[in-house]
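Student: Below is the file work33.pdb, with PDB, C-alpha atoms.
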```pdb
ATOM      1  CA  MET K   1     192.998  89.834  97.187
ATOM      2  CA  ILE K   2     195.465  87.815  95.116
ATOM      3  CA  SER K   3     198.964  87.262  96.391
ATOM      4  CA  LEU K   4     202.086  87.272  94.283
ATOM      5  CA  ALA K   5     205.504  86.044  95.395
ATOM      6  CA  VAL K   6     208.746  87.724  94.386
ATOM      7  CA  THR K   7     211.102  85.653  92.229
ATOM      8  CA  PRO K   8     214.699  86.417  91.184
ATOM      9  CA  LEU K   9     215.240  88.385  87.989
ATOM     10  CA  THR K  10     216.875  86.397  85.202
ATOM     11  CA  PRO K  11     217.093  87.272  81.490
ATOM     12  CA  GLU K  12     215.165  84.091  80.654
ATOM     13  CA  ALA K  13     212.277  84.746  83.051
ATOM     14  CA  PHE K  14     212.094  88.390  82.014
ATOM     15  CA  ALA K  15     212.212  87.719  78.253
ATOM     16  CA  PRO K  16     208.433  88.097  77.660
ATOM     17  CA  PHE K  17     208.615  91.604  79.155
ATOM     18  CA  GLY K  18     211.927  92.946  77.812
ATOM     19  CA  GLU K  19     215.612  92.702  78.553
ATOM     20  CA  VAL K  20     217.898  92.576  81.589
ATOM     21  CA  LEU K  21     220.810  95.020  81.754
ATOM     22  CA  ASP K  22     223.768  93.487  83.559
ATOM     23  CA  THR K  23     227.374  92.395  83.092
ATOM     24  CA  ARG K  24     226.764  88.645  82.715
ATOM     25  CA  GLY K  25     227.576  88.425  79.012
ATOM     26  CA  ASP K  26     231.022  88.423  77.442
ATOM     27  CA  PRO K  27     232.515  91.920  77.288
ATOM     28  CA  ILE K  28     234.673  93.584  74.639
ATOM     29  CA  LEU K  29     238.058  94.815  75.863
ATOM     30  CA  ILE K  30     238.493  98.524  75.036
ATOM     31  CA  ASN K  31     240.525 101.582  76.088
ATOM     32  CA  ALA K  32     243.856  99.721  75.883
ATOM     33  CA  GLY K  33     242.576  97.230  78.442
ATOM     34  CA  PHE K  34     241.277  99.817  80.932
ATOM     35  CA  ALA K  35     237.616  98.988  80.326
ATOM     36  CA  ARG K  36     235.401  96.024  79.522
ATOM     37  CA  ARG K  37     232.364  96.965  77.464
ATOM     38  CA  HIS K  38     229.181  94.895  77.857
ATOM     39  CA  ASN K  39     227.738  96.123  74.614
ATOM     40  CA  ASP K  40     224.273  96.723  73.221
ATOM     41  CA  LEU K  41     222.326  95.443  76.220
ATOM     42  CA  CYS K  42     218.853  96.409  75.074
ATOM     43  CA  THR K  43     216.644  97.615  72.268
ATOM     44  CA  VAL K  44     215.950 101.319  72.617
ATOM     45  CA  ASP K  45     212.665 101.536  70.748
ATOM     46  CA  VAL K  46     211.660 105.191  70.615
ATOM     47  CA  ALA K  47     211.361 106.059  66.950
ATOM     48  CA  PRO K  48     207.577 105.839  66.261
ATOM     49  CA  GLU K  49     205.708 109.082  65.697
ATOM     50  CA  GLY K  50     208.845 111.211  65.659
ATOM     51  CA  GLY K  51     210.184 110.154  69.035
ATOM     52  CA  ALA K  52     213.761 110.448  70.256
ATOM     53  CA  THR K  53     215.801 109.021  73.110
ATOM     54  CA  ASN K  54     215.250 110.634  76.528
ATOM     55  CA  VAL K  55     217.877 110.119  79.233
ATOM     56  CA  SER K  56     216.665 111.007  82.710
ATOM     57  CA  ILE K  57     217.271 110.224  86.366
ATOM     58  CA  PHE K  58     214.439 109.065  88.628
ATOM     59  CA  VAL K  59     214.781 109.599  92.376
ATOM     60  CA  ALA K  60     212.486 107.196  94.192
ATOM     61  CA  LYS K  61     210.575 107.254  97.445
ATOM     62  CA  ALA K  62     210.685 103.957  99.354
ATOM     63  CA  ARG K  63     207.828 101.485  99.215
ATOM     64  CA  THR K  64     207.271  98.604 101.638
ATOM     65  CA  LEU K  65     206.203  94.970 101.321
ATOM     66  CA  PRO K  66     203.568  93.686 101.171
ATOM     67  CA  LEU K  67     202.971  95.980  98.211
ATOM     68  CA  LEU K  68     199.426  96.578  97.005
ATOM     69  CA  ILE K  69     198.989  96.622  93.214
ATOM     70  CA  THR K  70     195.822  98.419  92.122
ATOM     71  CA  MET K  71     196.982  99.687  88.732
ATOM     72  CA  MET K  72     199.448  98.959  85.955
ATOM     73  CA  GLU K  73     200.857 101.202  83.245
ATOM     74  CA  ARG K  74     202.467 100.842  79.833
ATOM     75  CA  HIS K  75     204.115 102.994  77.184
ATOM     76  CA  PRO K  76     202.605 102.455  73.730
ATOM     77  CA  LEU K  77     205.216 104.558  71.930
ATOM     78  CA  GLY K  78     208.481 103.236  73.255
ATOM     79  CA  SER K  79     210.651 101.092  75.474
ATOM     80  CA  GLN K  80     211.780 102.169  78.945
ATOM     81  CA  ALA K  81     215.057 101.102  80.544
ATOM     82  CA  PHE K  82     215.829 101.449  84.274
ATOM     83  CA  MET K  83     219.337 101.041  85.690
ATOM     84  CA  PRO K  84     219.992 101.510  89.429
ATOM     85  CA  LEU K  85     222.691 104.056  90.317
ATOM     86  CA  GLN K  86     223.419 102.352  93.649
ATOM     87  CA  ASP K  87     223.868  98.722  94.555
ATOM     88  CA  GLN K  88     220.501  98.338  96.316
ATOM     89  CA  PRO K  89     217.723  95.840  95.601
ATOM     90  CA  TRP K  90     214.519  96.848  93.868
ATOM     91  CA  LEU K  91     211.471  95.227  92.269
ATOM     92  CA  ALA K  92     210.098  95.015  88.725
ATOM     93  CA  VAL K  93     206.394  94.076  88.686
ATOM     94  CA  VAL K  94     204.975  93.222  85.264
ATOM     95  CA  CYS K  95     202.123  91.356  83.634
ATOM     96  CA  ILE K  96     200.989  90.187  80.226
ATOM     97  CA  ASP K  97     197.312  91.037  80.812
ATOM     98  CA  PRO K  98     196.094  93.235  83.670
ATOM     99  CA  ALA K  99     192.769  91.349  83.584
ATOM    100  CA  ASP K 100     194.471  88.005  84.215
ATOM    101  CA  PRO K 101     196.150  87.738  87.640
ATOM    102  CA  SER K 102     197.969  84.568  86.574
ATOM    103  CA  THR K 103     200.089  86.617  84.154
ATOM    104  CA  PHE K 104     201.624  88.873  86.833
ATOM    105  CA  ARG K 105     205.275  88.505  87.866
ATOM    106  CA  ALA K 106     207.245  90.299  90.586
ATOM    107  CA  PHE K 107     210.989  90.178  89.952
ATOM    108  CA  ALA K 108     213.580  90.835  92.645
ATOM    109  CA  CYS K 109     216.326  92.812  90.936
ATOM    110  CA  THR K 110     219.752  93.236  92.486
ATOM    111  CA  GLY K 111     221.390  96.644  92.556
ATOM    112  CA  ARG K 112     223.521  95.514  89.609
ATOM    113  CA  GLN K 113     220.604  94.608  87.366
ATOM    114  CA  GLY K 114     218.535  96.937  85.244
ATOM    115  CA  VAL K 115     215.600  96.133  82.997
ATOM    116  CA  ASN K 116     214.305  97.449  79.713
ATOM    117  CA  TYR K 117     210.515  97.201  79.458
ATOM    118  CA  ALA K 118     209.601  96.575  75.837
ATOM    119  CA  ARG K 119     207.033  98.849  74.242
ATOM    120  CA  ASP K 120     203.473  98.031  75.383
ATOM    121  CA  VAL K 121     204.590  95.901  78.334
ATOM    122  CA  TRP K 122     202.404  96.443  81.404
ATOM    123  CA  HIS K 123     204.408  97.302  84.508
ATOM    124  CA  PHE K 124     203.958  98.807  87.934
ATOM    125  CA  PRO K 125     205.899 102.023  88.614
ATOM    126  CA  LEU K 126     209.376 101.825  90.134
ATOM    127  CA  VAL K 127     209.582  99.946  93.459
ATOM    128  CA  THR K 128     212.549 100.670  95.721
ATOM    129  CA  PHE K 129     213.124 100.156  99.434
ATOM    130  CA  ALA K 130     215.194 103.227 100.338
ATOM    131  CA  ASP K 131     214.255 106.878  99.936
ATOM    132  CA  GLY K 132     216.431 108.643  97.414
ATOM    133  CA  ASP K 133     217.473 105.615  95.371
ATOM    134  CA  ARG K 134     218.358 106.891  91.898
ATOM    135  CA  PHE K 135     217.840 105.226  88.520
ATOM    136  CA  MET K 136     219.076 106.168  85.097
ATOM    137  CA  VAL K 137     216.150 105.886  82.715
ATOM    138  CA  VAL K 138     216.365 105.645  78.923
ATOM    139  CA  ASP K 139     212.990 106.054  77.277
ATOM    140  CA  ARG K 140     211.203 108.188  74.709
ATOM    141  CA  LYS K 141     210.475 111.861  74.255
ATOM    142  CA  GLY K 142     208.288 113.228  71.492
ATOM    143  CA  PRO K 143     204.730 113.920  70.428
ATOM    144  CA  GLY K 144     201.787 111.683  71.315
ATOM    145  CA  ASN K 145     200.495 110.113  74.520
ATOM    146  CA  ASN K 146     203.006 107.556  75.718
ATOM    147  CA  LEU K 147     201.322 106.642  79.019
ATOM    148  CA  GLU K 148     198.378 104.287  79.438
ATOM    149  CA  GLU K 149     197.158 103.443  82.939
ATOM    150  CA  ARG K 150     194.870 100.547  83.785
ATOM    151  CA  PHE K 151     193.146 100.390  87.156
ATOM    152  CA  LEU K 152     192.386  96.875  88.382
ATOM    153  CA  PRO K 153     188.915  95.905  89.642
ATOM    154  CA  GLN K 154     188.961  95.566  93.414
ATOM    155  CA  ASP K 155     188.631  91.773  93.364
ATOM    156  CA  ARG K 156     191.770  91.603  91.234
ATOM    157  CA  HIS K 157     194.034  93.732  93.396
ATOM    158  CA  LEU K 158     197.291  91.943  94.153
ATOM    159  CA  THR K 159     199.655  92.003  97.087
ATOM    160  CA  VAL K 160     203.325  91.358  96.441
ATOM    161  CA  SER K 161     205.393  89.820  99.192
ATOM    162  CA  ARG K 162     208.636  87.893  99.562
TER     163      ARG K 162
ATOM    164  CA  MET R 163     255.592 117.720  79.803
ATOM    165  CA  ILE R 164     252.617 119.964  80.417
ATOM    166  CA  SER R 165     250.711 119.737  83.655
ATOM    167  CA  LEU R 166     246.965 120.020  84.019
ATOM    168  CA  ALA R 167     245.105 120.482  87.305
ATOM    169  CA  VAL R 168     241.778 118.846  88.043
ATOM    170  CA  THR R 169     238.818 121.194  88.518
ATOM    171  CA  PRO R 170     235.285 120.399  89.748
ATOM    172  CA  LEU R 171     232.707 119.431  87.146
ATOM    173  CA  THR R 172     229.926 121.972  86.693
ATOM    174  CA  PRO R 173     227.402 122.218  83.852
ATOM    175  CA  GLU R 174     228.720 125.698  83.000
ATOM    176  CA  ALA R 175     232.374 124.670  82.799
ATOM    177  CA  PHE R 176     231.496 121.534  80.828
ATOM    178  CA  ALA R 177     229.179 123.280  78.357
ATOM    179  CA  PRO R 178     231.731 123.496  75.488
ATOM    180  CA  PHE R 179     232.119 119.705  75.653
ATOM    181  CA  GLY R 180     228.582 118.487  76.301
ATOM    182  CA  GLU R 181     226.166 118.094  79.187
ATOM    183  CA  VAL R 182     226.252 117.077  82.844
ATOM    184  CA  LEU R 183     223.815 114.390  84.015
ATOM    185  CA  ASP R 184     222.777 114.988  87.609
ATOM    186  CA  THR R 185     219.779 115.791  89.808
ATOM    187  CA  ARG R 186     220.429 119.508  90.275
ATOM    188  CA  GLY R 187     217.563 120.749  88.123
ATOM    189  CA  ASP R 188     213.888 120.862  89.065
ATOM    190  CA  PRO R 189     212.251 117.436  88.844
ATOM    191  CA  ILE R 190     208.764 116.428  87.725
ATOM    192  CA  LEU R 191     206.734 114.539  90.338
ATOM    193  CA  ILE R 192     205.497 111.208  88.892
ATOM    194  CA  ASN R 193     204.214 107.785  90.017
ATOM    195  CA  ALA R 194     201.694 109.288  92.456
ATOM    196  CA  GLY R 195     204.516 111.019  94.283
ATOM    197  CA  PHE R 196     206.781 107.961  94.545
ATOM    198  CA  ALA R 197     209.364 109.309  92.091
ATOM    199  CA  ARG R 198     210.924 112.581  91.019
ATOM    200  CA  ARG R 199     211.943 112.622  87.382
ATOM    201  CA  HIS R 200     214.893 114.796  86.326
ATOM    202  CA  ASN R 201     213.909 114.752  82.703
ATOM    203  CA  ASP R 202     215.705 114.957  79.374
ATOM    204  CA  LEU R 203     219.199 115.481  80.759
ATOM    205  CA  CYS R 204     221.107 115.276  77.513
ATOM    206  CA  THR R 205     221.000 115.202  73.743
ATOM    207  CA  VAL R 206     221.364 111.651  72.476
ATOM    208  CA  ASP R 207     222.752 112.343  69.029
ATOM    209  CA  VAL R 208     223.078 109.019  67.227
ATOM    210  CA  ALA R 209     220.984 109.334  64.102
ATOM    211  CA  PRO R 210     223.527 110.132  61.325
ATOM    212  CA  GLU R 211     224.301 107.392  58.810
ATOM    213  CA  GLY R 212     221.608 105.072  60.090
ATOM    214  CA  GLY R 213     222.743 104.934  63.692
ATOM    215  CA  ALA R 214     220.652 103.925  66.704
ATOM    216  CA  THR R 215     220.970 104.210  70.465
ATOM    217  CA  ASN R 216     223.329 101.739  72.141
ATOM    218  CA  VAL R 217     222.985 101.131  75.889
ATOM    219  CA  SER R 218     225.970  99.385  77.418
ATOM    220  CA  ILE R 219     227.820  98.968  80.704
ATOM    221  CA  PHE R 220     231.542  99.684  80.960
ATOM    222  CA  VAL R 221     233.515  98.036  83.761
ATOM    223  CA  ALA R 222     236.687 100.021  84.378
ATOM    224  CA  LYS R 223     240.173  99.227  85.599
ATOM    225  CA  ALA R 224     241.588 101.764  88.030
ATOM    226  CA  ARG R 225     244.001 104.455  86.915
ATOM    227  CA  THR R 226     246.229 106.520  89.189
ATOM    228  CA  LEU R 227     247.241 110.155  89.392
ATOM    229  CA  PRO R 228     249.352 111.713  88.058
ATOM    230  CA  LEU R 229     247.762 110.473  84.845
ATOM    231  CA  LEU R 230     249.751 110.651  81.606
ATOM    232  CA  ILE R 231     247.759 111.785  78.561
ATOM    233  CA  THR R 232     249.394 110.745  75.287
ATOM    234  CA  MET R 233     246.247 110.411  73.141
ATOM    235  CA  MET R 234     242.698 111.670  72.835
ATOM    236  CA  GLU R 235     239.692 110.187  71.037
ATOM    237  CA  ARG R 236     236.383 111.380  69.636
ATOM    238  CA  HIS R 237     233.242 109.957  68.065
ATOM    239  CA  PRO R 238     232.378 111.652  64.768
ATOM    240  CA  LEU R 239     228.993 109.915  64.427
ATOM    241  CA  GLY R 240     227.390 110.407  67.802
ATOM    242  CA  SER R 241     227.275 111.577  71.396
ATOM    243  CA  GLN R 242     228.411 109.401  74.300
ATOM    244  CA  ALA R 243     226.937 109.602  77.806
ATOM    245  CA  PHE R 244     228.585 108.083  80.897
ATOM    246  CA  MET R 245     226.753 107.659  84.209
ATOM    247  CA  PRO R 246     228.483 106.040  87.200
ATOM    248  CA  LEU R 247     226.647 103.073  88.756
ATOM    249  CA  GLN R 248     228.306 103.631  92.151
ATOM    250  CA  ASP R 249     228.886 106.752  94.164
ATOM    251  CA  GLN R 250     232.632 106.957  93.499
ATOM    252  CA  PRO R 251     234.627 109.835  92.023
ATOM    253  CA  TRP R 252     235.969 109.720  88.489
ATOM    254  CA  LEU R 253     237.554 112.063  85.928
ATOM    255  CA  ALA R 254     236.473 113.460  82.558
ATOM    256  CA  VAL R 255     239.446 114.754  80.547
ATOM    257  CA  VAL R 256     238.552 116.730  77.409
ATOM    258  CA  CYS R 257     239.994 119.286  75.016
ATOM    259  CA  ILE R 258     238.913 121.528  72.183
ATOM    260  CA  ASP R 259     242.045 120.941  70.105
ATOM    261  CA  PRO R 260     244.541 118.129  70.803
ATOM    262  CA  ALA R 261     247.280 120.293  69.269
ATOM    263  CA  ASP R 262     246.687 123.119  71.755
ATOM    264  CA  PRO R 263     247.486 122.159  75.370
ATOM    265  CA  SER R 264     245.749 125.307  76.647
ATOM    266  CA  THR R 265     242.389 123.846  75.570
ATOM    267  CA  PHE R 266     242.601 120.758  77.803
ATOM    268  CA  ARG R 267     240.398 120.408  80.910
ATOM    269  CA  ALA R 268     240.352 117.679  83.569
ATOM    270  CA  PHE R 269     237.036 117.595  85.438
ATOM    271  CA  ALA R 270     236.592 115.895  88.801
ATOM    272  CA  CYS R 271     233.179 114.244  88.647
ATOM    273  CA  THR R 272     231.419 113.011  91.750
ATOM    274  CA  GLY R 273     229.812 109.574  91.781
ATOM    275  CA  ARG R 274     226.473 111.298  91.280
ATOM    276  CA  GLN R 275     227.456 113.139  88.122
ATOM    277  CA  GLY R 276     227.527 111.780  84.593
ATOM    278  CA  VAL R 277     228.539 113.525  81.398
ATOM    279  CA  ASN R 278     227.418 113.381  77.812
ATOM    280  CA  TYR R 279     230.244 114.103  75.389
ATOM    281  CA  ALA R 280     228.800 115.858  72.362
ATOM    282  CA  ARG R 281     229.600 114.449  68.947
ATOM    283  CA  ASP R 282     233.172 115.254  67.836
ATOM    284  CA  VAL R 283     234.321 116.289  71.314
ATOM    285  CA  TRP R 284     237.853 115.104  72.049
ATOM    286  CA  HIS R 285     238.103 113.165  75.297
ATOM    287  CA  PHE R 286     240.392 110.757  77.090
ATOM    288  CA  PRO R 287     238.961 107.293  77.816
ATOM    289  CA  LEU R 288     237.189 106.657  81.119
ATOM    290  CA  VAL R 289     239.248 107.439  84.238
ATOM    291  CA  THR R 290     238.246 105.762  87.503
ATOM    292  CA  PHE R 291     240.122 105.098  90.718
ATOM    293  CA  ALA R 292     238.749 101.686  91.733
ATOM    294  CA  ASP R 293     238.857  98.431  89.784
ATOM    295  CA  GLY R 294     235.413  97.270  88.740
ATOM    296  CA  ASP R 295     233.678 100.652  88.781
ATOM    297  CA  ARG R 296     230.716 100.370  86.413
ATOM    298  CA  PHE R 297     229.222 103.022  84.120
ATOM    299  CA  MET R 298     226.053 102.998  82.088
ATOM    300  CA  VAL R 299     226.912 104.294  78.631
ATOM    301  CA  VAL R 300     224.450 105.626  76.064
ATOM    302  CA  ASP R 301     226.035 106.090  72.669
ATOM    303  CA  ARG R 302     225.639 105.013  69.058
ATOM    304  CA  LYS R 303     225.545 101.742  67.186
ATOM    305  CA  GLY R 304     225.404 101.482  63.411
ATOM    306  CA  PRO R 305     227.482 101.522  60.254
ATOM    307  CA  GLY R 306     230.559 103.680  59.752
ATOM    308  CA  ASN R 307     233.699 104.364  61.769
ATOM    309  CA  ASN R 308     232.733 106.188  64.966
ATOM    310  CA  LEU R 309     236.172 106.241  66.619
ATOM    311  CA  GLU R 310     238.977 108.666  65.844
ATOM    312  CA  GLU R 311     242.159 108.554  67.902
ATOM    313  CA  ARG R 312     244.782 111.293  67.969
ATOM    314  CA  PHE R 313     248.216 110.624  69.423
ATOM    315  CA  LEU R 314     249.926 113.678  70.895
ATOM    316  CA  PRO R 315     253.518 114.593  69.969
ATOM    317  CA  GLN R 316     255.819 113.786  72.862
ATOM    318  CA  ASP R 317     256.476 117.436  73.740
ATOM    319  CA  ARG R 318     252.728 117.895  74.168
ATOM    320  CA  HIS R 319     252.043 115.000  76.512
ATOM    321  CA  LEU R 320     250.138 116.134  79.596
ATOM    322  CA  THR R 321     250.094 114.949  83.170
ATOM    323  CA  VAL R 322     246.894 115.371  85.134
ATOM    324  CA  SER R 323     247.148 115.795  88.876
ATOM    325  CA  ARG R 324     245.056 117.174  91.720
TER     326      ARG R 324
END
```
Give the structure from the file, written as structure tokens.
Tutor:
Amino acid sequence: MISLAVTPLTPEAFAPFGEVLDTRGDPILINAGFARRHNDLCTVDVAPEGGATNVSIFVAKARTLPLLITMMERHPLGSQAFMPLQDQPWLAVVCIDPADPSTFRAFACTGRQGVNYARDVWHFPLVTFADGDRFMVVDRKGPGNNLEERFLPQDRHLTVSR
Amino acid sequence: MISLAVTPLTPEAFAPFGEVLDTRGDPILINAGFARRHNDLCTVDVAPEGGATNVSIFVAKARTLPLLITMMERHPLGSQAFMPLQDQPWLAVVCIDPADPSTFRAFACTGRQGVNYARDVWHFPLVTFADGDRFMVVDRKGPGNNLEERFLPQDRHLTVSR
């Protein structure tokens, strides 16, 4: 069993896997000053093979740490953005190569940070710590198989802990 | 001055203006039972004139009731979805025809309801009641002018109240 420590989510650390959705950048003032717009936070990449943008809400069941990782998944036909709808912490677990444990990262996301997994980026499904946590998800709908799952050999299972 | 009362947001009442984003419908069970997906909640309509999907976060400044409506806006090149990132009430004010006060509606949205304004639907900018309320917005980026504002003649100003 390989162990993996959680590290804070930053745009720089997450760059190989996609983008961070937050309000750190400079906003545009709109609506006669009644709103600040943090614009164009991620690349919604859903066009291949006749795809279109799919907006959905995921309602999660809590997981606990240490978390056992025995599989990873990716979406070969599009990006997938997750934004929490409550200010509660959650985890984004990703890797470059499921066969290489050294490429795994577990990011601690605040309740004010979302992520956009780029197309083809391996990730573990949504990890939250409270039942019923909701996420707005922007990904792809359309023809073709957009889900690839990879099960890890038993000697390469990982446990994620703080 | 014309007065307009706030009514609860329901998908049926909002249908002439767009869609409601919530978790009322039947979900799909995914992630080995760790998530329920309320799928494909709205029509992201951003394609005309070379547009693409824009994901952004709006941070709002509080407004107060009674709210004075002296203008409305619409987006001729795309839809615009708003989803609150905290469980706090907000308002969606819309109309069919800015020149006809009888076509105005003010919807009280819960903090667990978003809306997607269909293309060309007249609406008032975001109305929230707490400074710093955040919304995830899915709309259009691309060439062309996607904002039309219509100022109401003074005898057709509206006040929105509970």
Student: Please indicate the distance in Å from atom CA of K:Cys42 to atom CA of K:Leu68, rounded to one decimal place.
Tutor: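 About the pair atom CA of K:Cys42 and atom CA of K:Leu68: they are 29.3 Å apart.
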Student: So that I can see what lies close to R:Lys303, please list as an NGL selection string the residues with an atom at most 10 Å from it, counting all atoms listed in the file and leaving out residues fewer than 5 positions away in the same chain.
Tutor: (:K and (39-40)) or (:R and (208-209 or 212-217 or 239-240 or 308))
Student: Using the chain letters and numbers from the file, which residues does the PyMOL selection byres ((chain R) within 9 of (chain K)) grab, as a PyMOL selection string?
Tutor: chain R and resi 183-185+189+193+195-207+214-225+245-249+274+287-289+294+298+300+303
Student: If I take atom CA of K:Pro8 and atom CA of K:Ala106, how far is one from the other in Å, to one decimal?
Tutor: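 Those two atoms sit 8.4 Å apart.
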Student: Expand the PyMOL selection byres ((chain R and resi 317-319) around 9) into the explicit residue set it covers here, and present it as a CSV table (one decimal) with C-alpha atoms, in the coordinates of the input.
Tutor:
```csv
chain,number,residue,atom,x,y,z
R,163,MET,CA,255.6,117.7,79.8
R,164,ILE,CA,252.6,120.0,80.4
R,165,SER,CA,250.7,119.7,83.7
R,230,LEU,CA,249.8,110.7,81.6
R,231,ILE,CA,247.8,111.8,78.6
R,232,THR,CA,249.4,110.7,75.3
R,233,MET,CA,246.2,110.4,73.1
R,260,PRO,CA,244.5,118.1,70.8
R,261,ALA,CA,247.3,120.3,69.3
R,262,ASP,CA,246.7,123.1,71.8
R,263,PRO,CA,247.5,122.2,75.4
R,314,LEU,CA,249.9,113.7,70.9
R,315,PRO,CA,253.5,114.6,70.0
R,316,GLN,CA,255.8,113.8,72.9
R,320,LEU,CA,250.1,116.1,79.6
R,321,THR,CA,250.1,114.9,83.2
```
Student: Work out how far atom CA of K:Val94 is from atom CA of K:Phe107, in Å to one decimal.
Tutor: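 Interatomic distance, atom CA of K:Phe107 to atom CA of K:Val94: 8.2 Å.
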Student: Quick one: of K:Leu67, K:Val160, K:Met72, K:Leu9, who's nearest to K:Val121, counting all atoms listed in the file?
Tutor: K:Met72
Student: Find the residue from K:Arg162, K:His123, K:Arg150, K:His75 that sits nearest to K:Phe104; use all atoms listed in the file when measuring.
Tutor: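 So, comparing all the options, the nearest one is K:His123.
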Student: Considering only C-alpha atoms, can you say which of R:Ala177, R:Pro228, R:Thr172, R:Ala167 comes closest to R:Ser264?
Tutor: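 Selected residue with least distance to R:Ser264: R:Ala167.
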Student: Would you mind completing stretch 300-306 of chain R so that it carries all heavy atoms, and writing it out as a JSON list (two decimals), in the frame of the given file?
Tutor:
```
[["chain", "number", "residue", "atom", "x", "y", "z"],
["R", 300, "VAL", "N", 225.45, 105.49, 77.13],
["R", 300, "VAL", "CA", 224.45, 105.63, 76.06],
["R", 300, "VAL", "C", 225.15, 106.29, 74.90],
["R", 300, "VAL", "O", 225.52, 107.47, 74.96],
["R", 300, "VAL", "CB", 223.24, 106.47, 76.52],
["R", 300, "VAL", "CG1", 222.24, 106.63, 75.38],
["R", 300, "VAL", "CG2", 222.56, 105.82, 77.73],
["R", 301, "ASP", "N", 225.39, 105.50, 73.85],
["R", 301, "ASP", "CA", 226.04, 106.09, 72.67],
["R", 301, "ASP", "C", 225.42, 105.50, 71.41],
["R", 301, "ASP", "O", 224.22, 105.20, 71.41],
["R", 301, "ASP", "CB", 227.56, 105.98, 72.73],
["R", 301, "ASP", "CG", 228.08, 104.55, 72.80],
["R", 301, "ASP", "OD1", 227.27, 103.61, 72.82],
["R", 301, "ASP", "OD2", 229.31, 104.38, 72.83],
["R", 302, "ARG", "N", 226.18, 105.35, 70.37],
["R", 302, "ARG", "CA", 225.64, 105.01, 69.06],
["R", 302, "ARG", "C", 226.08, 103.63, 68.60],
["R", 302, "ARG", "O", 227.22, 103.23, 68.82],
["R", 302, "ARG", "CB", 226.13, 106.04, 68.03],
["R", 302, "ARG", "CG", 225.69, 105.75, 66.60],
["R", 302, "ARG", "CD", 226.44, 106.66, 65.65],
["R", 302, "ARG", "NE", 226.00, 106.48, 64.28],
["R", 302, "ARG", "CZ", 226.53, 105.59, 63.43],
["R", 302, "ARG", "NH1", 227.52, 104.82, 63.82],
["R", 302, "ARG", "NH2", 226.08, 105.50, 62.20],
["R", 303, "LYS", "N", 225.16, 102.93, 67.94],
["R", 303, "LYS", "CA", 225.54, 101.74, 67.19],
["R", 303, "LYS", "C", 225.09, 101.97, 65.76],
["R", 303, "LYS", "O", 224.12, 102.71, 65.52],
["R", 303, "LYS", "CB", 224.91, 100.48, 67.77],
["R", 303, "LYS", "CG", 223.40, 100.50, 67.83],
["R", 303, "LYS", "CD", 222.85, 99.25, 68.49],
["R", 303, "LYS", "CE", 221.32, 99.32, 68.60],
["R", 303, "LYS", "NZ", 220.76, 98.17, 69.33],
["R", 304, "GLY", "N", 225.79, 101.32, 64.81],
["R", 304, "GLY", "CA", 225.40, 101.48, 63.41],
["R", 304, "GLY", "C", 226.61, 101.48, 62.51],
["R", 304, "GLY", "O", 227.75, 101.35, 62.98],
["R", 305, "PRO", "N", 226.38, 101.61, 61.22],
["R", 305, "PRO", "CA", 227.48, 101.52, 60.25],
["R", 305, "PRO", "C", 228.40, 102.74, 60.33],
["R", 305, "PRO", "O", 228.00, 103.79, 60.81],
["R", 305, "PRO", "CB", 226.75, 101.48, 58.91],
["R", 305, "PRO", "CG", 225.44, 102.13, 59.15],
["R", 305, "PRO", "CD", 225.08, 101.84, 60.59],
["R", 306, "GLY", "N", 229.61, 102.56, 59.81],
["R", 306, "GLY", "CA", 230.56, 103.68, 59.75],
["R", 306, "GLY", "C", 231.56, 103.60, 60.88],
["R", 306, "GLY", "O", 231.35, 102.90, 61.88]]
```
